[in-house]
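Trainee: Take a look at this one; I'll ask things after.
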Amino acid sequence: MKVVFVASEGVPYSKTGGLADVVGALPKALAALGHKLEVILPRYRMTKPGPRVPHSQSLTLPLGSGFKFASVQDGGRANNVQADLVDCPEYFDREGLYQQKGDDYPDNAHRFAAFSMAALEFLKRDATPPDIIHCHDWQTALVPIYLRNLYQEDGYFRNTSVVFTIHNLGYQGLFPPHLLPQISLHAGLFTIDGLEYYGMVNLLKGGIIFSDFVTTVSRKYAEEIQTPEFGCGLEGVLHSRADRLQGIVNGVDYEPWDPATDKLIAANYTPANLTGKETCKKVLLEKMGVQSPVLRRPVMGIVSRFASQKGFDLIASIAEHLAALDLYVVALGTGEPAHEELFRTMAAKYPEKFLVRIAYDNTLAHQIEAGGDMFLMPSRYEPCGLNQIYSLKYGTVPIVRATGGLDDTIENFDGKSGTGFKFRDYTPHALLAAISAALEVYAVPKIWQRLMQNGMKKDFSWASSAQTYARIYQTLQDPRTRSSTEVRRSGDVPNRGGF
Ligand code: ADP
Ligand code: GLC
């Protein structure tokens with residue numbers, strides 16, 4: 001099958017979070033199954049493209065009452081995946097991907113409308129239409145919205161199906177209703193069965209409605225988002241599509257994330273020989289400014305976007321307790337000012353205990369995974385989470401809240417089996433209890449080593465999840481399945497009942 005990923009970020013070209021890791025790795029795994037893979041991304045300032053050879057003439061994008069112009073550059077071909085970069089400097093040659101100094105760019109809707117339309121127009125230059133277009137999150141929700149509303153008469157895409165993956169329901173792409181004509185959409189779409197959501201245009205909702213199949217990134221999160229607690233107001237729409245909604249756990253790419261081969265860490269190590277891990281711990285603590293590292297003291301790592309999703313209010317409420325415990329907290333992240341401030345304050349108050357870097361630093365992220373003993377992810381919600389999976393591989397024991405992908409990927413340690421420590425209630429008390437349980441086991445090195453080995457032996461490579469995606473693609477190619485998506489293809493806004 002010819003499968004095209006359209007996404008707003010992907011390694012090695014651009015990254016703010018786990019979406020980029022998935023868009024970098026899943027196409028590789030699908031190509032290894034024998035499919036033809038292409039990834040279309042914006043060309044940001046941070047993107048390091050291949051040779052600057054335009055593929056094609058420029059693209060003309062009729063948006064609103066005017067035109068935008070873009071070109072597409074060859075991003076190179078690696079692991080049988082072709083990368084194409086939409087170049088539109090006015091929109092993408094900027095410092096941040098989505099924000100500047102913590103605020104969303106005011107023209108985000110126009111930026112990703114131009115990108116989505118450019119992707120479709122670029123695809124049309126190829127003699128062979130894609131069998132599948134696989135879109136991700138609100139930034140590319142306009143691809144299915146356009147396909148089923150602007151391009152419904154276009155024979156080129158007649159046999160193309162769209163899969164839409166929700167990586168995070170917390171970001172929906174909400175804009176005022178007067179946006180619709182500016183991005184070439186009919187005001188008739190602004191209904192409760194269309195893009196309307198509490199008086200706003202909701203692009204993610206459009207992605208859910210107009211795609212042929214919707215996935216999210218863990219089994220548990222797929223269930224959670226159909227409830228009021230986690231559905232962010234879209235639980236009804238998601239529930240109405242339950243027969244076309246599936247949770248597929250993310251894999252990870254062990255090429256960059258394996259302590260046996262990782263080039264960014266001080267020493268390599270394997271489950272059979274862990275001596276390198278001790279070196280990593282010492283070097284990490286020195287790098288973070290500790291004069292004489294106490295190596296028997298555990299290191300609790302945090303690498304995260306500093307967003308409320310990640311449970312920083314819980315961490316704030318136990319911060320003084322943490323400072324009183326016999327451990328180092330090594331934290332790396334950037335994001336919401338209040339959370340940055342929390343770590344700055346703790347670092348100033350306890351400079352030997354709270355070792356903090358407010359930054360985005362991939363090398364340090366690897367070094368914290370390698371040099372840590374424990375890894376903390378007390379998320380309020382977590383669609384999948386990748387860091388806890390990297391932690392398992394690095395023998396760094398995850399302490400996580402039992403939600404979404406964290407619950408699916410970590411098993412509570414019972415003294416023999418299990419890979420980490422989980423707590424359920426979103427309370428400081430429950431979090432502290434999980435940390436105390438971890439510290440108790442840490443105090444018995446033989447049992448701790450067993451726990452580390454349990455995690456290191458787990459295999460979360462992409463092969464099996466990639467096969468699940470391929471099966472979904474295949475089903476959508478089946479003419480019988482296709483006929484049941486005709487409502488969406490006709491461009492009529494479907495009823496709430498869905499299929
Ligand atoms: P999310 O996508 O919600 O941020 P994930 O756990 O799925 O969470 O993925 C986060 C990814 O981003 C990981 O690869 C992690 O190492 C990386 N990351 C997050 N914050 C930073 C940072 N400050 N510096 C370097 N890498 C980071
Ligand atoms: C999102 C989620 C995270 C997930 C990542 C990749 O950013 O917050 O849980 O792992 O996407 O799917």
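Following the order of the structure tokens, chains are lettered A, B, ..., residues in each are numbered from 1, and ligands are numbered from 1.
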Quick one: everything within 12 Å of Thr275 in chain A, counting only C-alpha atoms, minus sequence neighbours fewer than 5 positions away in the same chain. Send it as a ChimeraX atom specification.
Mentor: /A:259-260,266-270,280-282,370-371,395
Trainee: Please find the residues contacting ligand 2 at a distance of at most 6 Å between atoms, with only C-alpha atoms and all ligand atoms counted, and report them as a list in words.
Mentor: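 After applying the 6 Å limit, what remains is Gly17, Gly18, Leu19, Val22, His167, Asn168, Val217, Glu382, Pro383, Cys384, Gly385 and Leu386 of chain A.
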Trainee: Take the residues from that selection and put them in a file with C-alpha atoms, as a PDB file, in the first residue's frame.
Mentor:
```
ATOM      1  CA  GLY A  17       7.325  15.906  22.111  1.00  0.00           C
ATOM      2  CA  GLY A  18       6.419  12.271  21.618  1.00  0.00           C
ATOM      3  CA  LEU A  19       4.450  12.871  18.413  1.00  0.00           C
ATOM      4  CA  VAL A  22       6.172   8.328  16.635  1.00  0.00           C
ATOM      5  CA  HIS A 167      -1.989  11.735  20.370  1.00  0.00           C
ATOM      6  CA  ASN A 168      -3.479  14.142  22.852  1.00  0.00           C
ATOM      7  CA  VAL A 217      -1.995   5.710  21.299  1.00  0.00           C
ATOM      8  CA  GLU A 382      -1.206  10.298  29.522  1.00  0.00           C
ATOM      9  CA  PRO A 383      -2.292   9.114  26.073  1.00  0.00           C
ATOM     10  CA  CYS A 384       0.759   6.851  25.856  1.00  0.00           C
ATOM     11  CA  GLY A 385       3.977   8.336  27.189  1.00  0.00           C
ATOM     12  CA  LEU A 386       7.327   7.336  25.778  1.00  0.00           C
TER      13      LEU A 386
END
```
Trainee: Residues at most 8 Å from Gln139 in chain A, counting only C-alpha atoms, excluding those fewer than 4 positions away in the same chain, as a VMD selection string?
Mentor: chain A and resid 7 to 8 109 112 173 203
Trainee: Would you write out those residues with C-alpha atoms, as a CSV table (one decimal), in the first residue's frame?
Mentor:
```csv
chain,number,residue,atom,x,y,z
A,7,ALA,CA,2.1,15.5,10.6
A,8,SER,CA,3.2,18.7,12.2
A,109,ALA,CA,-5.2,27.9,12.1
A,112,PHE,CA,-1.9,24.5,9.4
A,173,GLY,CA,-7.4,23.5,17.8
A,203,LEU,CA,-10.6,21.2,14.2
```
Trainee: Distance limit 9 Å, reference ligand 1, atoms considered: only C-alpha atoms and all ligand atoms. Which residues make the cut? Give them as a count of residues only.
Mentor: 45
Trainee: Which residue out of A:Asp74, A:Asp131, A:Asp408, A:Glu352 has the minimum interatomic distance to Gly247 in chain A when only C-alpha atoms are used?
Mentor: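 Smallest distance to Gly247 in chain A is found for A:Asp408.
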Trainee: Rounded to one decimal in Å, what is the spacing between CA of Arg77 in chain A and CA of Asp154 in chain A?
Mentor: 29.0 Å
Trainee: DSSP on the backbone: which residues in range 21-198 of chain A end up as strand (DSSP E or B)? Give the answer as a PyMOL selection string.
Mentor: chain A and resi 36-42+54+59-63+66-78+81-87+99-100+103-104+132-136+161-166+174-175+196-197
Trainee: Convert the current residue selection to file output with N, CA and C atoms, as a compact mmCIF listing (two decimals), in the first residue's frame.
Mentor:
```txt
# COMPACT_ATOMS: atom_id res chain seq x y z
N LYS A 36 4.85 1.23 0.96
CA LYS A 36 5.55 2.38 0.39
C LYS A 36 5.22 3.59 1.27
N LEU A 37 6.22 4.17 1.89
CA LEU A 37 5.96 5.20 2.91
C LEU A 37 6.52 6.56 2.55
N GLU A 38 5.73 7.58 2.83
CA GLU A 38 6.12 8.96 2.62
C GLU A 38 5.66 9.77 3.83
N VAL A 39 6.48 10.72 4.26
CA VAL A 39 6.09 11.57 5.39
C VAL A 39 6.14 13.02 4.94
N ILE A 40 5.06 13.75 5.15
CA ILE A 40 5.04 15.17 4.78
C ILE A 40 5.00 16.00 6.06
N LEU A 41 5.97 16.91 6.19
CA LEU A 41 6.11 17.74 7.39
C LEU A 41 6.30 19.19 6.97
N PRO A 42 6.02 20.15 7.85
CA PRO A 42 6.40 21.53 7.53
C PRO A 42 7.92 21.68 7.62
N PRO A 54 14.03 21.68 -4.93
CA PRO A 54 12.57 21.57 -4.95
C PRO A 54 12.14 20.40 -5.83
N LEU A 59 3.40 25.54 -5.19
CA LEU A 59 1.99 25.18 -5.04
C LEU A 59 1.18 26.45 -4.80
N THR A 60 0.03 26.53 -5.42
CA THR A 60 -0.87 27.67 -5.20
C THR A 60 -2.03 27.20 -4.34
N LEU A 61 -2.23 27.87 -3.22
CA LEU A 61 -3.23 27.41 -2.26
C LEU A 61 -4.34 28.45 -2.13
N PRO A 62 -5.53 28.13 -2.63
CA PRO A 62 -6.64 29.09 -2.53
C PRO A 62 -7.22 29.07 -1.12
N LEU A 63 -6.81 30.03 -0.30
CA LEU A 63 -7.27 30.07 1.08
C LEU A 63 -8.01 31.37 1.32
N GLY A 66 -7.92 34.87 -0.86
CA GLY A 66 -6.65 35.07 -1.58
C GLY A 66 -5.92 33.76 -1.82
N PHE A 67 -4.64 33.88 -2.08
CA PHE A 67 -3.82 32.71 -2.35
C PHE A 67 -2.59 32.73 -1.45
N LYS A 68 -2.14 31.53 -1.08
CA LYS A 68 -0.84 31.39 -0.42
C LYS A 68 0.00 30.52 -1.34
N PHE A 69 1.31 30.71 -1.22
CA PHE A 69 2.20 29.94 -2.09
C PHE A 69 3.18 29.16 -1.23
N ALA A 70 3.40 27.91 -1.61
CA ALA A 70 4.35 27.07 -0.88
C ALA A 70 5.13 26.26 -1.89
N SER A 71 6.25 25.71 -1.46
CA SER A 71 6.91 24.73 -2.32
C SER A 71 7.24 23.53 -1.46
N VAL A 72 7.57 22.43 -2.11
CA VAL A 72 7.86 21.22 -1.35
C VAL A 72 9.28 20.80 -1.64
N GLN A 73 10.04 20.58 -0.57
CA GLN A 73 11.44 20.20 -0.76
C GLN A 73 11.68 18.76 -0.34
N ASP A 74 12.66 18.19 -1.01
CA ASP A 74 13.01 16.80 -0.73
C ASP A 74 13.76 16.74 0.59
N GLY A 75 13.17 16.09 1.58
CA GLY A 75 13.82 15.98 2.89
C GLY A 75 14.75 14.80 2.96
N GLY A 76 14.85 14.04 1.88
CA GLY A 76 15.74 12.88 1.87
C GLY A 76 14.97 11.59 2.07
N ARG A 77 15.71 10.50 1.88
CA ARG A 77 15.08 9.18 2.00
C ARG A 77 15.93 8.36 2.95
N ALA A 78 15.33 7.85 4.00
CA ALA A 78 16.07 7.01 4.95
C ALA A 78 15.18 5.86 5.36
N VAL A 81 11.85 5.40 3.72
CA VAL A 81 10.78 6.38 3.94
C VAL A 81 11.20 7.69 3.28
N GLN A 82 10.35 8.18 2.40
CA GLN A 82 10.61 9.45 1.72
C GLN A 82 10.06 10.59 2.57
N ALA A 83 10.90 11.62 2.83
CA ALA A 83 10.40 12.78 3.57
C ALA A 83 10.25 13.96 2.63
N ASP A 84 9.13 14.67 2.75
CA ASP A 84 8.89 15.87 1.95
C ASP A 84 8.54 17.02 2.90
N LEU A 85 9.14 18.17 2.63
CA LEU A 85 9.01 19.28 3.57
C LEU A 85 8.30 20.45 2.89
N VAL A 86 7.19 20.83 3.46
CA VAL A 86 6.43 21.95 2.90
C VAL A 86 7.09 23.25 3.35
N ASP A 87 7.56 23.98 2.36
CA ASP A 87 8.28 25.22 2.65
C ASP A 87 7.34 26.41 2.41
N GLN A 99 4.32 27.93 19.14
CA GLN A 99 4.21 29.01 20.12
C GLN A 99 5.42 29.92 20.09
N GLN A 100 5.21 31.11 20.67
CA GLN A 100 6.33 32.00 20.94
C GLN A 100 6.20 32.45 22.38
N ASP A 103 3.03 31.50 24.25
CA ASP A 103 1.71 31.80 23.68
C ASP A 103 1.59 31.21 22.28
N ASP A 104 0.42 30.61 21.99
CA ASP A 104 0.20 30.08 20.64
C ASP A 104 0.30 31.21 19.61
N ILE A 132 -3.63 5.28 1.63
CA ILE A 132 -3.94 5.75 2.97
C ILE A 132 -3.23 7.08 3.22
N ILE A 133 -3.96 8.03 3.77
CA ILE A 133 -3.30 9.21 4.35
C ILE A 133 -3.51 9.09 5.86
N HIS A 134 -2.41 9.15 6.58
CA HIS A 134 -2.47 8.97 8.04
C HIS A 134 -2.11 10.31 8.70
N CYS A 135 -3.12 10.91 9.36
CA CYS A 135 -2.94 12.24 9.95
C CYS A 135 -2.86 12.15 11.47
N HIS A 136 -2.33 13.21 12.07
CA HIS A 136 -2.03 13.18 13.50
C HIS A 136 -2.39 14.50 14.17
N SER A 161 -8.18 6.40 1.70
CA SER A 161 -8.82 6.43 3.03
C SER A 161 -7.96 7.22 4.00
N VAL A 162 -8.61 7.78 5.01
CA VAL A 162 -7.85 8.58 5.98
C VAL A 162 -7.93 7.93 7.37
N VAL A 163 -6.76 7.73 7.96
CA VAL A 163 -6.67 7.30 9.35
C VAL A 163 -6.21 8.51 10.16
N PHE A 164 -6.85 8.71 11.29
CA PHE A 164 -6.53 9.87 12.10
C PHE A 164 -6.12 9.40 13.50
N THR A 165 -4.93 9.77 13.93
CA THR A 165 -4.48 9.35 15.26
C THR A 165 -4.51 10.53 16.23
N ILE A 166 -5.18 10.30 17.36
CA ILE A 166 -5.22 11.30 18.43
C ILE A 166 -4.07 11.00 19.38
N LEU A 174 -8.94 25.06 18.73
CA LEU A 174 -10.20 25.80 18.87
C LEU A 174 -10.03 27.21 18.33
N PHE A 175 -10.96 27.62 17.46
CA PHE A 175 -10.86 28.94 16.83
C PHE A 175 -12.25 29.55 16.69
N GLU A 196 -18.73 22.53 15.08
CA GLU A 196 -19.08 23.42 16.20
C GLU A 196 -18.84 22.75 17.55
N TYR A 197 -18.31 23.54 18.47
CA TYR A 197 -18.03 23.01 19.82
C TYR A 197 -18.08 24.19 20.78
```
Trainee: Produce a table with one row for each residue of range 334-384 of chain A that has an atom at most 8 Å from any atom of range 312-321 of chain A, each row naming the nearest atom pair and its distance in Å at one decimal; use only C-alpha atoms; arrange rows by chain and rising residue number; format as a Markdown table.
Mentor:
```
| residue | atom | partner | partner_atom | distance |
| --- | --- | --- | --- | --- |
| A:His339 | CA | A:Phe312 | CA | 6.5 |
| A:Leu342 | CA | A:Ala316 | CA | 6.8 |
| A:Met346 | CA | A:Ala319 | CA | 7.6 |
| A:Pro378 | CA | A:Leu314 | CA | 7.5 |
| A:Ser379 | CA | A:Phe312 | CA | 7.9 |
```
Trainee: Next, the residues of the selection above should be written as a short mmCIF file (atom, residue, chain, number, x, y, z; two decimals), in the first residue's frame with all heavy atoms.
Mentor:
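So result-v2.cif came out as:
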```cif
data_model
loop_
_atom_site.label_atom_id
_atom_site.label_comp_id
_atom_site.auth_asym_id
_atom_site.auth_seq_id
_atom_site.Cartn_x
_atom_site.Cartn_y
_atom_site.Cartn_z
N HIS A 339 5.37 26.03 36.34
CA HIS A 339 6.10 24.79 36.60
C HIS A 339 7.61 25.03 36.53
O HIS A 339 8.38 24.46 37.30
CB HIS A 339 5.68 23.70 35.62
CG HIS A 339 4.20 23.46 35.58
ND1 HIS A 339 3.43 23.45 36.71
CD2 HIS A 339 3.34 23.25 34.54
CE1 HIS A 339 2.16 23.23 36.38
NE2 HIS A 339 2.08 23.13 35.07
N LEU A 342 8.56 26.51 39.82
CA LEU A 342 8.63 25.52 40.90
C LEU A 342 10.03 24.90 40.96
O LEU A 342 10.66 24.84 42.02
CB LEU A 342 7.59 24.42 40.66
CG LEU A 342 7.79 23.12 41.45
CD1 LEU A 342 7.47 23.35 42.93
CD2 LEU A 342 6.91 21.99 40.89
N MET A 346 12.98 25.35 43.85
CA MET A 346 13.49 24.21 44.61
C MET A 346 15.01 24.08 44.42
O MET A 346 15.73 23.75 45.36
CB MET A 346 12.79 22.90 44.17
CG MET A 346 11.32 22.83 44.52
SD MET A 346 10.94 23.19 46.26
CE MET A 346 11.50 21.70 47.08
N PRO A 378 3.97 11.38 37.11
CA PRO A 378 2.70 11.31 37.84
C PRO A 378 1.55 11.95 37.06
O PRO A 378 0.72 12.66 37.63
CB PRO A 378 3.02 12.14 39.09
CG PRO A 378 4.03 13.15 38.63
CD PRO A 378 4.76 12.58 37.44
N SER A 379 1.46 11.68 35.77
CA SER A 379 0.56 12.42 34.88
C SER A 379 -0.91 12.41 35.33
O SER A 379 -1.42 11.40 35.79
CB SER A 379 0.62 11.84 33.47
OG SER A 379 1.95 11.84 33.01
#
```
Trainee: Name the closest residue to Glu235 in chain A among the candidates A:Tyr254, A:Ile208, A:Asn159, A:Asp459; distances are taken between atoms, counting only C-alpha atoms.
Mentor: A:Ile208
Trainee: Skip Gly289 in chain A itself and residues of its chain fewer than 3 positions away, then list as a list in words all residues within 10 Å of it, counting only C-alpha atoms.
Mentor: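 The residues satisfying every condition are Val283, Leu284, Leu285, Glu286, Ser292, Pro293, Pro351, Glu352, Leu355 and Val356 of chain A.
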Trainee: Can I get the selection written as a PDB file, in the first residue's frame, with C-alpha atoms?
Mentor:
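Below is the file out05.pdb, written as the result:
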```
ATOM      1  CA  VAL A 283      28.867  11.735  35.244  1.00  0.00           C
ATOM      2  CA  LEU A 284      25.259  12.981  35.253  1.00  0.00           C
ATOM      3  CA  LEU A 285      25.468  14.205  38.851  1.00  0.00           C
ATOM      4  CA  GLU A 286      28.776  15.957  38.150  1.00  0.00           C
ATOM      5  CA  SER A 292      30.958  14.923  45.488  1.00  0.00           C
ATOM      6  CA  PRO A 293      28.163  12.678  44.257  1.00  0.00           C
ATOM      7  CA  PRO A 351      21.027  23.089  45.346  1.00  0.00           C
ATOM      8  CA  GLU A 352      22.481  19.706  46.359  1.00  0.00           C
ATOM      9  CA  LEU A 355      19.301  19.483  40.031  1.00  0.00           C
ATOM     10  CA  VAL A 356      17.376  21.344  37.398  1.00  0.00           C
TER      11      VAL A 356
END
```
Trainee: Which one is closest to Lys101 in chain A: A:Glu336, A:Ser116, A:Asn454, A:Leu142? Count only C-alpha atoms.
Mentor: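 For Lys101 in chain A, the nearest of the given residues is A:Glu336.
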Trainee: Could you find all residues in range 258-477 of chain A that DSSP calls alpha helix (DSSP H) from the backbone, and write them as an NGL selection string?
Mentor: :A and (275-287 or 312-324 or 337-349 or 362-371 or 387-393 or 404-409 or 428-442 or 445-456 or 463-477)
Trainee: Which residue, A:Ala347, A:Ile399, A:Val143, A:Leu376, has the smallest gap to Met117 in chain A when you use only C-alpha atoms?
Mentor: A:Val143
Trainee: Using only C-alpha atoms, which of A:Leu432, A:Ala141, A:Tyr146, A:Tyr156 sits nearest Asp126 in chain A?
Mentor: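 Under the stated criterion, the closest residue is A:Tyr156.
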Trainee: Measure the distance from CA of Phe421 in chain A to CA of Pro271 in chain A in Å and round it to one decimal.
Mentor: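 Separation of CA of Phe421 in chain A and CA of Pro271 in chain A: 19.9 Å.
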Trainee: Can you tell me, as a list in words, what residues are no more than 10 Å from His239 in chain A when counting only C-alpha atoms, ignoring any on the same chain fewer than 3 positions away?
Mentor: Ala222, Glu223, Ile225, Gln226, Thr227, Gly231, Leu234, Glu235, Gly236, Ala242, Asp243, Arg244, Leu245, Arg496, Gly497 and Gly498 of chain A
Trainee: At what distance in Å, to one decimal, does CA of Asp212 in chain A lie from CA of Thr409 in chain A?
Mentor: 27.6 Å
